[in-house]
$ cat data_1.pdb   # PDB, C-alpha atoms
MODEL        1
ATOM      1  CA  MET I   1     -94.079-156.073 201.831  1.00  0.00           C
ATOM      2  CA  GLU I   2     -92.021-152.979 202.753  1.00  0.00           C
ATOM      3  CA  ASP I   3     -92.104-153.962 206.451  1.00  0.00           C
ATOM      4  CA  ALA I   4     -90.916-157.476 205.591  1.00  0.00           C
ATOM      5  CA  VAL I   5     -88.060-156.067 203.509  1.00  0.00           C
ATOM      6  CA  ALA I   6     -87.071-153.716 206.361  1.00  0.00           C
ATOM      7  CA  VAL I   7     -86.963-156.630 208.827  1.00  0.00           C
ATOM      8  CA  ILE I   8     -84.929-158.731 206.388  1.00  0.00           C
ATOM      9  CA  LEU I   9     -82.442-155.919 205.809  1.00  0.00           C
ATOM     10  CA  ASN I  10     -81.907-155.381 209.546  1.00  0.00           C
ATOM     11  CA  GLU I  11     -80.907-159.030 209.959  1.00  0.00           C
ATOM     12  CA  MET I  12     -78.716-159.636 206.878  1.00  0.00           C
ATOM     13  CA  THR I  13     -76.713-158.057 204.098  1.00  0.00           C
ATOM     14  CA  ILE I  14     -78.354-156.723 200.948  1.00  0.00           C
ATOM     15  CA  GLY I  15     -76.993-159.716 199.033  1.00  0.00           C
ATOM     16  CA  GLU I  16     -78.471-162.171 201.524  1.00  0.00           C
ATOM     17  CA  ALA I  17     -81.807-160.335 201.431  1.00  0.00           C
ATOM     18  CA  ALA I  18     -81.791-160.486 197.618  1.00  0.00           C
ATOM     19  CA  ASP I  19     -81.165-164.242 197.784  1.00  0.00           C
ATOM     20  CA  ARG I  20     -84.078-164.671 200.178  1.00  0.00           C
ATOM     21  CA  LEU I  21     -86.379-162.607 197.961  1.00  0.00           C
ATOM     22  CA  SER I  22     -85.356-164.693 194.923  1.00  0.00           C
ATOM     23  CA  GLU I  23     -86.416-167.819 196.772  1.00  0.00           C
ATOM     24  CA  ALA I  24     -89.693-166.238 197.914  1.00  0.00           C
ATOM     25  CA  LEU I  25     -90.625-164.834 194.491  1.00  0.00           C
ATOM     26  CA  PRO I  26     -90.112-167.579 191.882  1.00  0.00           C
ATOM     27  CA  GLY I  27     -90.175-166.271 188.325  1.00  0.00           C
ATOM     28  CA  HIS I  28     -89.234-162.751 189.405  1.00  0.00           C
ATOM     29  CA  ARG I  29     -85.814-161.291 188.711  1.00  0.00           C
ATOM     30  CA  VAL I  30     -84.103-159.933 191.814  1.00  0.00           C
ATOM     31  CA  GLU I  31     -81.061-157.690 191.352  1.00  0.00           C
ATOM     32  CA  VAL I  32     -78.969-155.366 193.505  1.00  0.00           C
ATOM     33  CA  LEU I  33     -78.344-152.047 191.777  1.00  0.00           C
ATOM     34  CA  LYS I  34     -76.396-149.316 193.547  1.00  0.00           C
ATOM     35  CA  GLY I  35     -77.024-150.979 196.895  1.00  0.00           C
ATOM     36  CA  SER I  36     -80.793-151.290 196.409  1.00  0.00           C
ATOM     37  CA  ILE I  37     -82.821-154.406 195.720  1.00  0.00           C
ATOM     38  CA  VAL I  38     -84.803-154.256 192.473  1.00  0.00           C
ATOM     39  CA  VAL I  39     -87.503-156.841 191.730  1.00  0.00           C
ATOM     40  CA  THR I  40     -88.817-157.304 188.188  1.00  0.00           C
ATOM     41  CA  PRO I  41     -92.000-159.265 187.473  1.00  0.00           C
ATOM     42  CA  PRO I  42     -91.917-162.379 185.275  1.00  0.00           C
ATOM     43  CA  PRO I  43     -91.626-161.586 181.547  1.00  0.00           C
ATOM     44  CA  ASP I  44     -94.675-161.677 179.290  1.00  0.00           C
ATOM     45  CA  GLY I  45     -94.994-163.659 176.063  1.00  0.00           C
ATOM     46  CA  PRO I  46     -93.816-160.972 173.586  1.00  0.00           C
ATOM     47  CA  HIS I  47     -90.799-160.318 175.836  1.00  0.00           C
ATOM     48  CA  GLN I  48     -89.812-163.983 175.649  1.00  0.00           C
ATOM     49  CA  GLU I  49     -90.497-164.138 171.896  1.00  0.00           C
ATOM     50  CA  ALA I  50     -88.129-161.196 171.341  1.00  0.00           C
ATOM     51  CA  LEU I  51     -85.325-162.916 173.261  1.00  0.00           C
ATOM     52  CA  ASP I  52     -85.853-166.205 171.452  1.00  0.00           C
ATOM     53  CA  GLU I  53     -85.737-164.489 168.059  1.00  0.00           C
ATOM     54  CA  ILE I  54     -82.599-162.440 168.752  1.00  0.00           C
ATOM     55  CA  ALA I  55     -80.808-165.560 170.013  1.00  0.00           C
ATOM     56  CA  TYR I  56     -81.716-167.220 166.690  1.00  0.00           C
ATOM     57  CA  LEU I  57     -80.482-164.185 164.700  1.00  0.00           C
ATOM     58  CA  PHE I  58     -77.232-164.215 166.695  1.00  0.00           C
ATOM     59  CA  ARG I  59     -76.600-167.847 165.750  1.00  0.00           C
ATOM     60  CA  GLN I  60     -77.504-167.182 162.111  1.00  0.00           C
ATOM     61  CA  ALA I  61     -74.991-164.295 162.060  1.00  0.00           C
ATOM     62  CA  GLY I  62     -72.198-166.650 163.150  1.00  0.00           C
ATOM     63  CA  GLY I  63     -71.862-165.427 166.719  1.00  0.00           C
ATOM     64  CA  ARG I  64     -70.588-168.749 167.994  1.00  0.00           C
ATOM     65  CA  ASP I  65     -68.068-169.003 165.168  1.00  0.00           C
ATOM     66  CA  ALA I  66     -66.791-165.581 166.265  1.00  0.00           C
ATOM     67  CA  GLY I  67     -65.962-166.964 169.738  1.00  0.00           C
ATOM     68  CA  LEU I  68     -69.039-165.508 171.414  1.00  0.00           C
ATOM     69  CA  LYS I  69     -72.100-166.835 173.200  1.00  0.00           C
ATOM     70  CA  SER I  70     -75.537-165.333 173.706  1.00  0.00           C
ATOM     71  CA  LEU I  71     -77.187-166.042 177.037  1.00  0.00           C
ATOM     72  CA  GLN I  72     -80.367-165.181 178.883  1.00  0.00           C
ATOM     73  CA  GLY I  73     -80.478-164.720 182.646  1.00  0.00           C
ATOM     74  CA  ILE I  74     -76.721-164.708 183.218  1.00  0.00           C
ATOM     75  CA  GLY I  75     -75.625-162.412 186.030  1.00  0.00           C
ATOM     76  CA  VAL I  76     -73.061-159.656 185.690  1.00  0.00           C
ATOM     77  CA  TRP I  77     -71.108-158.778 188.833  1.00  0.00           C
ATOM     78  CA  LEU I  78     -71.110-154.993 188.558  1.00  0.00           C
ATOM     79  CA  GLY I  79     -68.400-153.981 190.992  1.00  0.00           C
ATOM     80  CA  THR I  80     -70.336-150.783 191.745  1.00  0.00           C
ATOM     81  CA  GLY I  81     -71.073-151.859 195.327  1.00  0.00           C
ATOM     82  CA  PRO I  82     -70.283-154.799 197.615  1.00  0.00           C
ATOM     83  CA  ASP I  83     -73.346-156.810 196.529  1.00  0.00           C
ATOM     84  CA  ASP I  84     -74.269-155.159 193.210  1.00  0.00           C
ATOM     85  CA  TYR I  85     -75.249-157.454 190.364  1.00  0.00           C
ATOM     86  CA  ALA I  86     -77.683-157.421 187.461  1.00  0.00           C
ATOM     87  CA  GLU I  87     -79.284-160.094 185.326  1.00  0.00           C
ATOM     88  CA  PRO I  88     -79.770-158.616 181.871  1.00  0.00           C
ATOM     89  CA  ASP I  89     -82.474-160.167 179.713  1.00  0.00           C
ATOM     90  CA  TRP I  90     -79.910-161.117 177.068  1.00  0.00           C
ATOM     91  CA  ALA I  91     -76.163-160.787 176.795  1.00  0.00           C
ATOM     92  CA  VAL I  92     -73.342-161.433 174.367  1.00  0.00           C
ATOM     93  CA  VAL I  93     -70.296-162.742 176.216  1.00  0.00           C
ATOM     94  CA  ASP I  94     -66.874-164.145 175.411  1.00  0.00           C
ATOM     95  CA  ALA I  95     -66.970-167.919 174.848  1.00  0.00           C
ATOM     96  CA  ASP I  96     -64.671-168.466 177.857  1.00  0.00           C
ATOM     97  CA  TYR I  97     -66.947-166.497 180.214  1.00  0.00           C
ATOM     98  CA  LYS I  98     -67.086-169.441 182.663  1.00  0.00           C
ATOM     99  CA  ASP I  99     -63.503-168.659 183.694  1.00  0.00           C
ATOM    100  CA  ALA I 100     -64.743-165.293 184.991  1.00  0.00           C
ATOM    101  CA  LEU I 101     -67.228-166.590 187.592  1.00  0.00           C
ATOM    102  CA  VAL I 102     -67.319-164.248 190.589  1.00  0.00           C
ATOM    103  CA  THR I 103     -70.107-165.750 192.701  1.00  0.00           C
ATOM    104  CA  LYS I 104     -73.429-167.578 192.252  1.00  0.00           C
ATOM    105  CA  ASN I 105     -74.480-167.044 188.613  1.00  0.00           C
ATOM    106  CA  CYS I 106     -72.555-163.771 188.258  1.00  0.00           C
ATOM    107  CA  TYR I 107     -69.556-163.233 186.019  1.00  0.00           C
ATOM    108  CA  ALA I 108     -67.015-160.404 185.795  1.00  0.00           C
ATOM    109  CA  GLN I 109     -68.115-157.469 183.677  1.00  0.00           C
ATOM    110  CA  ASN I 110     -65.083-157.716 181.363  1.00  0.00           C
ATOM    111  CA  VAL I 111     -66.505-160.823 179.583  1.00  0.00           C
ATOM    112  CA  PHE I 112     -69.669-158.965 178.536  1.00  0.00           C
ATOM    113  CA  ARG I 113     -69.659-157.448 175.040  1.00  0.00           C
ATOM    114  CA  LEU I 114     -73.315-156.375 175.029  1.00  0.00           C
ATOM    115  CA  VAL I 115     -76.277-156.453 177.396  1.00  0.00           C
ATOM    116  CA  LEU I 116     -79.886-156.032 176.321  1.00  0.00           C
ATOM    117  CA  GLU I 117     -82.979-155.257 178.350  1.00  0.00           C
ATOM    118  CA  VAL I 118     -86.596-155.473 177.176  1.00  0.00           C
ATOM    119  CA  THR I 119     -88.593-153.126 179.393  1.00  0.00           C
ATOM    120  CA  SER I 120     -91.442-154.307 181.571  1.00  0.00           C
ATOM    121  CA  SER I 121     -93.627-152.518 184.129  1.00  0.00           C
ATOM    122  CA  ASN I 122     -90.603-151.062 185.956  1.00  0.00           C
ATOM    123  CA  TRP I 123     -89.146-149.600 182.743  1.00  0.00           C
ATOM    124  CA  GLY I 124     -87.562-146.657 184.590  1.00  0.00           C
ATOM    125  CA  ASN I 125     -84.900-148.948 186.040  1.00  0.00           C
ATOM    126  CA  ASP I 126     -83.779-150.021 182.551  1.00  0.00           C
ATOM    127  CA  LEU I 127     -83.693-146.456 181.214  1.00  0.00           C
ATOM    128  CA  ALA I 128     -81.989-144.740 184.145  1.00  0.00           C
ATOM    129  CA  THR I 129     -80.546-146.896 186.929  1.00  0.00           C
ATOM    130  CA  LYS I 130     -79.272-149.694 184.703  1.00  0.00           C
ATOM    131  CA  ALA I 131     -77.902-147.261 182.124  1.00  0.00           C
ATOM    132  CA  GLU I 132     -75.821-145.606 184.850  1.00  0.00           C
ATOM    133  CA  THR I 133     -74.830-148.899 186.459  1.00  0.00           C
ATOM    134  CA  TYR I 134     -73.870-150.670 183.232  1.00  0.00           C
ATOM    135  CA  ALA I 135     -71.819-147.637 182.154  1.00  0.00           C
ATOM    136  CA  GLU I 136     -70.067-147.499 185.509  1.00  0.00           C
ATOM    137  CA  ALA I 137     -69.287-151.224 185.205  1.00  0.00           C
ATOM    138  CA  GLY I 138     -67.761-150.592 181.757  1.00  0.00           C
ATOM    139  CA  ILE I 139     -70.240-152.684 179.742  1.00  0.00           C
ATOM    140  CA  PRO I 140     -69.367-151.508 176.207  1.00  0.00           C
ATOM    141  CA  VAL I 141     -72.817-151.780 174.571  1.00  0.00           C
ATOM    142  CA  TYR I 142     -76.215-151.499 176.251  1.00  0.00           C
ATOM    143  CA  VAL I 143     -79.361-152.023 174.158  1.00  0.00           C
ATOM    144  CA  ILE I 144     -82.765-151.077 175.571  1.00  0.00           C
ATOM    145  CA  ALA I 145     -85.950-152.272 173.866  1.00  0.00           C
ATOM    146  CA  ASP I 146     -88.130-149.527 175.347  1.00  0.00           C
ATOM    147  CA  ARG I 147     -91.651-150.875 174.934  1.00  0.00           C
ATOM    148  CA  LYS I 148     -93.100-148.004 176.979  1.00  0.00           C
ATOM    149  CA  HIS I 149     -91.958-145.381 174.420  1.00  0.00           C
ATOM    150  CA  GLY I 150     -91.899-147.591 171.296  1.00  0.00           C
ATOM    151  CA  GLU I 151     -88.204-147.264 170.479  1.00  0.00           C
ATOM    152  CA  VAL I 152     -84.877-149.045 170.847  1.00  0.00           C
ATOM    153  CA  LEU I 153     -81.851-147.260 172.305  1.00  0.00           C
ATOM    154  CA  VAL I 154     -78.263-148.336 171.740  1.00  0.00           C
ATOM    155  CA  LEU I 155     -75.820-146.880 174.264  1.00  0.00           C
ATOM    156  CA  THR I 156     -72.065-147.121 173.651  1.00  0.00           C
ATOM    157  CA  ASP I 157     -68.789-145.583 174.842  1.00  0.00           C
ATOM    158  CA  PRO I 158     -69.204-145.770 178.635  1.00  0.00           C
ATOM    159  CA  VAL I 159     -67.437-143.081 180.654  1.00  0.00           C
ATOM    160  CA  GLY I 160     -68.092-142.796 184.381  1.00  0.00           C
ATOM    161  CA  ASP I 161     -71.772-143.453 184.970  1.00  0.00           C
ATOM    162  CA  SER I 162     -73.024-142.543 181.496  1.00  0.00           C
ATOM    163  CA  TYR I 163     -72.697-143.514 177.871  1.00  0.00           C
ATOM    164  CA  ARG I 164     -71.286-140.902 175.470  1.00  0.00           C
ATOM    165  CA  THR I 165     -73.155-142.215 172.417  1.00  0.00           C
ATOM    166  CA  ARG I 166     -76.918-142.833 172.215  1.00  0.00           C
ATOM    167  CA  SER I 167     -78.647-144.008 169.047  1.00  0.00           C
ATOM    168  CA  ARG I 168     -82.432-144.280 168.680  1.00  0.00           C
ATOM    169  CA  TYR I 169     -84.257-146.681 166.390  1.00  0.00           C
ATOM    170  CA  GLU I 170     -87.978-146.758 165.547  1.00  0.00           C
ATOM    171  CA  ARG I 171     -90.349-149.457 164.319  1.00  0.00           C
ATOM    172  CA  GLY I 172     -89.537-150.538 160.777  1.00  0.00           C
ATOM    173  CA  GLN I 173     -85.798-150.035 161.292  1.00  0.00           C
ATOM    174  CA  ASN I 174     -83.039-152.497 162.144  1.00  0.00           C
ATOM    175  CA  VAL I 175     -80.637-151.963 165.011  1.00  0.00           C
ATOM    176  CA  ILE I 176     -77.098-152.337 163.698  1.00  0.00           C
ATOM    177  CA  VAL I 177     -75.114-153.943 166.521  1.00  0.00           C
ATOM    178  CA  PRO I 178     -71.756-152.148 166.861  1.00  0.00           C
ATOM    179  CA  GLN I 179     -68.850-154.018 165.243  1.00  0.00           C
ATOM    180  CA  SER I 180     -67.001-153.851 168.572  1.00  0.00           C
ATOM    181  CA  VAL I 181     -69.286-156.639 169.811  1.00  0.00           C
ATOM    182  CA  GLY I 182     -67.525-158.983 167.392  1.00  0.00           C
ATOM    183  CA  VAL I 183     -70.382-160.139 165.158  1.00  0.00           C
ATOM    184  CA  SER I 184     -72.257-158.482 162.273  1.00  0.00           C
ATOM    185  CA  LEU I 185     -75.804-158.494 163.548  1.00  0.00           C
ATOM    186  CA  GLU I 186     -78.982-156.591 162.749  1.00  0.00           C
ATOM    187  CA  LEU I 187     -81.941-156.752 165.121  1.00  0.00           C
ATOM    188  CA  PRO I 188     -85.394-155.692 163.847  1.00  0.00           C
ATOM    189  CA  VAL I 189     -86.927-153.061 166.109  1.00  0.00           C
ATOM    190  CA  ASN I 190     -90.395-154.567 165.614  1.00  0.00           C
ATOM    191  CA  VAL I 191     -89.151-157.915 166.987  1.00  0.00           C
ATOM    192  CA  LEU I 192     -87.419-156.274 169.964  1.00  0.00           C
ATOM    193  CA  LEU I 193     -90.564-154.326 170.876  1.00  0.00           C
ATOM    194  CA  ASP I 194     -93.348-156.723 169.920  1.00  0.00           C
ATOM    195  CA  GLY I 195     -91.924-160.252 169.831  1.00  0.00           C
ATOM    196  CA  ASP I 196     -91.797-162.356 166.687  1.00  0.00           C
ATOM    197  CA  GLY I 197     -95.088-160.995 165.353  1.00  0.00           C
ATOM    198  CA  ASP I 198     -96.789-164.344 164.733  1.00  0.00           C
TER     199      ASP I 198
ENDMDL
END

$ encode --input "data_1.pdb" --output "structure tokens"
Amino acid sequence: MEDAVAVILNEMTIGEAADRLSEALPGHRVEVLKGSIVVTPPPDGPHQEALDEIAYLFRQAGGRDAGLKSLQGIGVWLGTGPDDYAEPDWAVVDADYKDALVTKNCYAQNVFRLVLEVTSSNWGNDLATKAETYAEAGIPVYVIADRKHGEVLVLTDPVGDSYRTRSRYERGQNVIVPQSVGVSLELPVNVLLDGDGD
């Protein structure tokens, strides 16, 4: 696979190579972070359950009435490199986000209020690379459901390539979404880590 990627990269831009990989690997998430292609395997059942449940909780909390939308698989154009983009697992965006389309399925970072990632086998990307990249892009709130370490991290106050504030939550607790997002929302850690529990 590495040889194929090297050949692809010699013949096209990183963005074009990412597009080709997306076509060749259906179900996988292909992103460009800091000029490097990152491929994430398809999500498992508990991962999908968690996203379904938090979307429901968002609606119950009146997110849409607050002029916000919650979306899965929407791209954020990072602005950290010529082809850099990410596809967070879940995001809270301004209701008029469609006016901020940059290219393909990617929207300008200023319409994102919160991004959330549920870790999978390449959890290091969510904890390190994406934390730096989302901070650098000015995403105000980054939530990581860290299934590898059994905790949820809430990162806020981006400055440069890091977040000044980090809060940790354990099983049995609720993540209090910062008011700056624009909706009063609590997310159960157990749901974020394990799915809906049924």

$ resolve_selection --input "data_1.pdb" --expression "the PyMOL selection byres ((chain I and resi 158-162) around 12)" --output "JSON, numbers by chain"
{"I": [34, 80, 114, 127, 128, 129, 130, 131, 132, 133, 134, 135, 136, 137, 138, 139, 140, 141, 142, 154, 155, 156, 157, 163, 164, 165, 166]}

$ residues_near_point --input "data_1.pdb" --point "(-80.6, -162.8, 181.3)" --cutoff "7 Å" --atoms "only C-alpha atoms" --output "PyMOL selection string"
chain I and resi 71-75+87-91

$ residues_around --input "data_1.pdb" --residues "Ile37 (chain I)" --least-positions-apart "4" --cutoff "8 Å" --atoms "only C-alpha atoms" --output "PDB file with C-alpha atoms, in the frame of the given file"
ATOM      1  CA  ILE I  14     -78.354-156.723 200.948  1.00  0.00           C
ATOM      2  CA  ALA I  18     -81.791-160.486 197.618  1.00  0.00           C
ATOM      3  CA  VAL I  30     -84.103-159.933 191.814  1.00  0.00           C
ATOM      4  CA  GLU I  31     -81.061-157.690 191.352  1.00  0.00           C
ATOM      5  CA  VAL I  32     -78.969-155.366 193.505  1.00  0.00           C
ATOM      6  CA  LEU I  33     -78.344-152.047 191.777  1.00  0.00           C
TER       7      LEU I  33
END

$ resolve_selection --input "data_1.pdb" --expression "the PyMOL selection byres ((chain I and resi 184) around 12)" --output "list in words"
Leu57, Phe58, Arg59, Gln60, Ala61, Gly62, Gly63, Arg64, Asp65, Ala66, Leu68, Val175, Ile176, Val177, Pro178, Gln179, Ser180, Val181, Gly182, Val183, Leu185, Glu186 and Leu187 of chain I

$ atom_distance --input "data_1.pdb" --atom1 "CA of Lys69 (chain I)" --atom2 "CA of His149 (chain I)"
29.3 Å

$ atom_distance --input "data_1.pdb" --atom1 "CA of Glu53 (chain I)" --atom2 "CA of Tyr85 (chain I)"
25.6 Å

$ closest_residue --input "data_1.pdb" --among "I:Glu170, I:Leu192, I:Asp126, I:Phe112" --to "Ala145 (chain I)" --atoms "all atoms listed in the file"
I:Leu192

$ residues_near_point --input "data_1.pdb" --point "(-75.5, -159.0, 203.4)" --cutoff "12 Å" --atoms "only C-alpha atoms" --output "compact mmCIF listing (two decimals) with C-alpha atoms, in the frame of the given file"
# COMPACT_ATOMS: atom_id res chain seq x y z
CA ILE I 8 -84.93 -158.73 206.39
CA LEU I 9 -82.44 -155.92 205.81
CA ASN I 10 -81.91 -155.38 209.55
CA GLU I 11 -80.91 -159.03 209.96
CA MET I 12 -78.72 -159.64 206.88
CA THR I 13 -76.71 -158.06 204.10
CA ILE I 14 -78.35 -156.72 200.95
CA GLY I 15 -76.99 -159.72 199.03
CA GLU I 16 -78.47 -162.17 201.52
CA ALA I 17 -81.81 -160.34 201.43
CA ALA I 18 -81.79 -160.49 197.62
CA ASP I 19 -81.17 -164.24 197.78
CA ARG I 20 -84.08 -164.67 200.18
CA VAL I 32 -78.97 -155.37 193.50
CA GLY I 35 -77.02 -150.98 196.90
CA SER I 36 -80.79 -151.29 196.41
CA ILE I 37 -82.82 -154.41 195.72
CA GLY I 81 -71.07 -151.86 195.33
CA PRO I 82 -70.28 -154.80 197.62
CA ASP I 83 -73.35 -156.81 196.53
CA ASP I 84 -74.27 -155.16 193.21

$ atom_distance --input "data_1.pdb" --atom1 "CA of Gly79 (chain I)" --atom2 "CA of Tyr97 (chain I)"
16.6 Å

$ closest_residue --input "data_1.pdb" --among "I:Val143, I:Ser120, I:Val152, I:Tyr107" --to "Arg168 (chain I)" --atoms "all atoms listed in the file"
I:Val152

$ closest_residue --input "data_1.pdb" --among "I:Ala24, I:Leu116, I:Ser167, I:Val39" --to "Ala55 (chain I)" --atoms "only C-alpha atoms"
I:Leu116

$ resolve_selection --input "data_1.pdb" --expression "the PyMOL selection byres ((chain I and resi 48) around 12)" --output "PyMOL selection string"
chain I and resi 42-47+49-55+72-73+89-90+117-120+191-197

$ decode --input "data_1.pdb" --residues "region 21-64 of chain I" --atoms "C-alpha atoms" --output "PDB file, in the first residue's frame"
ATOM      1  CA  LEU I  21      -8.072   6.958  -1.845  1.00  0.00           C
ATOM      2  CA  SER I  22     -11.636   7.879  -0.809  1.00  0.00           C
ATOM      3  CA  GLU I  23     -12.922   6.278  -3.986  1.00  0.00           C
ATOM      4  CA  ALA I  24     -10.745   3.184  -3.512  1.00  0.00           C
ATOM      5  CA  LEU I  25     -11.634   2.681   0.164  1.00  0.00           C
ATOM      6  CA  PRO I  26     -15.426   2.978   0.538  1.00  0.00           C
ATOM      7  CA  GLY I  27     -16.535   3.329   4.146  1.00  0.00           C
ATOM      8  CA  HIS I  28     -13.156   4.675   5.248  1.00  0.00           C
ATOM      9  CA  ARG I  29     -12.661   8.303   6.202  1.00  0.00           C
ATOM     10  CA  VAL I  30      -9.829   9.979   4.312  1.00  0.00           C
ATOM     11  CA  GLU I  31      -8.546  13.326   5.595  1.00  0.00           C
ATOM     12  CA  VAL I  32      -5.549  15.574   4.981  1.00  0.00           C
ATOM     13  CA  LEU I  33      -4.005  16.764   8.236  1.00  0.00           C
ATOM     14  CA  LYS I  34      -0.907  18.951   8.187  1.00  0.00           C
ATOM     15  CA  GLY I  35      -0.157  17.882   4.628  1.00  0.00           C
ATOM     16  CA  SER I  36      -0.430  14.146   5.340  1.00  0.00           C
ATOM     17  CA  ILE I  37      -3.174  11.756   4.314  1.00  0.00           C
ATOM     18  CA  VAL I  38      -4.878  10.030   7.249  1.00  0.00           C
ATOM     19  CA  VAL I  39      -7.185   7.052   6.671  1.00  0.00           C
ATOM     20  CA  THR I  40      -9.601   5.921   9.387  1.00  0.00           C
ATOM     21  CA  PRO I  41     -11.362   2.550   9.223  1.00  0.00           C
ATOM     22  CA  PRO I  42     -15.167   2.346   9.110  1.00  0.00           C
ATOM     23  CA  PRO I  43     -16.813   2.986  12.500  1.00  0.00           C
ATOM     24  CA  ASP I  44     -18.033   0.108  14.652  1.00  0.00           C
ATOM     25  CA  GLY I  45     -21.534  -0.271  16.081  1.00  0.00           C
ATOM     26  CA  PRO I  46     -20.984   1.427  19.481  1.00  0.00           C
ATOM     27  CA  HIS I  47     -19.319   4.351  17.674  1.00  0.00           C
ATOM     28  CA  GLN I  48     -22.411   4.833  15.516  1.00  0.00           C
ATOM     29  CA  GLU I  49     -24.753   4.379  18.496  1.00  0.00           C
ATOM     30  CA  ALA I  50     -22.924   7.162  20.359  1.00  0.00           C
ATOM     31  CA  LEU I  51     -23.326   9.570  17.436  1.00  0.00           C
ATOM     32  CA  ASP I  52     -26.992   8.711  16.994  1.00  0.00           C
ATOM     33  CA  GLU I  53     -27.691   9.285  20.689  1.00  0.00           C
ATOM     34  CA  ILE I  54     -25.870  12.624  20.928  1.00  0.00           C
ATOM     35  CA  ALA I  55     -27.710  13.880  17.834  1.00  0.00           C
ATOM     36  CA  TYR I  56     -30.971  12.970  19.611  1.00  0.00           C
ATOM     37  CA  LEU I  57     -29.854  14.740  22.823  1.00  0.00           C
ATOM     38  CA  PHE I  58     -28.903  17.817  20.781  1.00  0.00           C
ATOM     39  CA  ARG I  59     -32.401  18.000  19.293  1.00  0.00           C
ATOM     40  CA  GLN I  60     -34.009  17.437  22.698  1.00  0.00           C
ATOM     41  CA  ALA I  61     -31.929  20.323  24.109  1.00  0.00           C
ATOM     42  CA  GLY I  62     -33.337  22.685  21.469  1.00  0.00           C
ATOM     43  CA  GLY I  63     -30.232  22.954  19.316  1.00  0.00           C
ATOM     44  CA  ARG I  64     -32.187  23.670  16.162  1.00  0.00           C
TER      45      ARG I  64
END
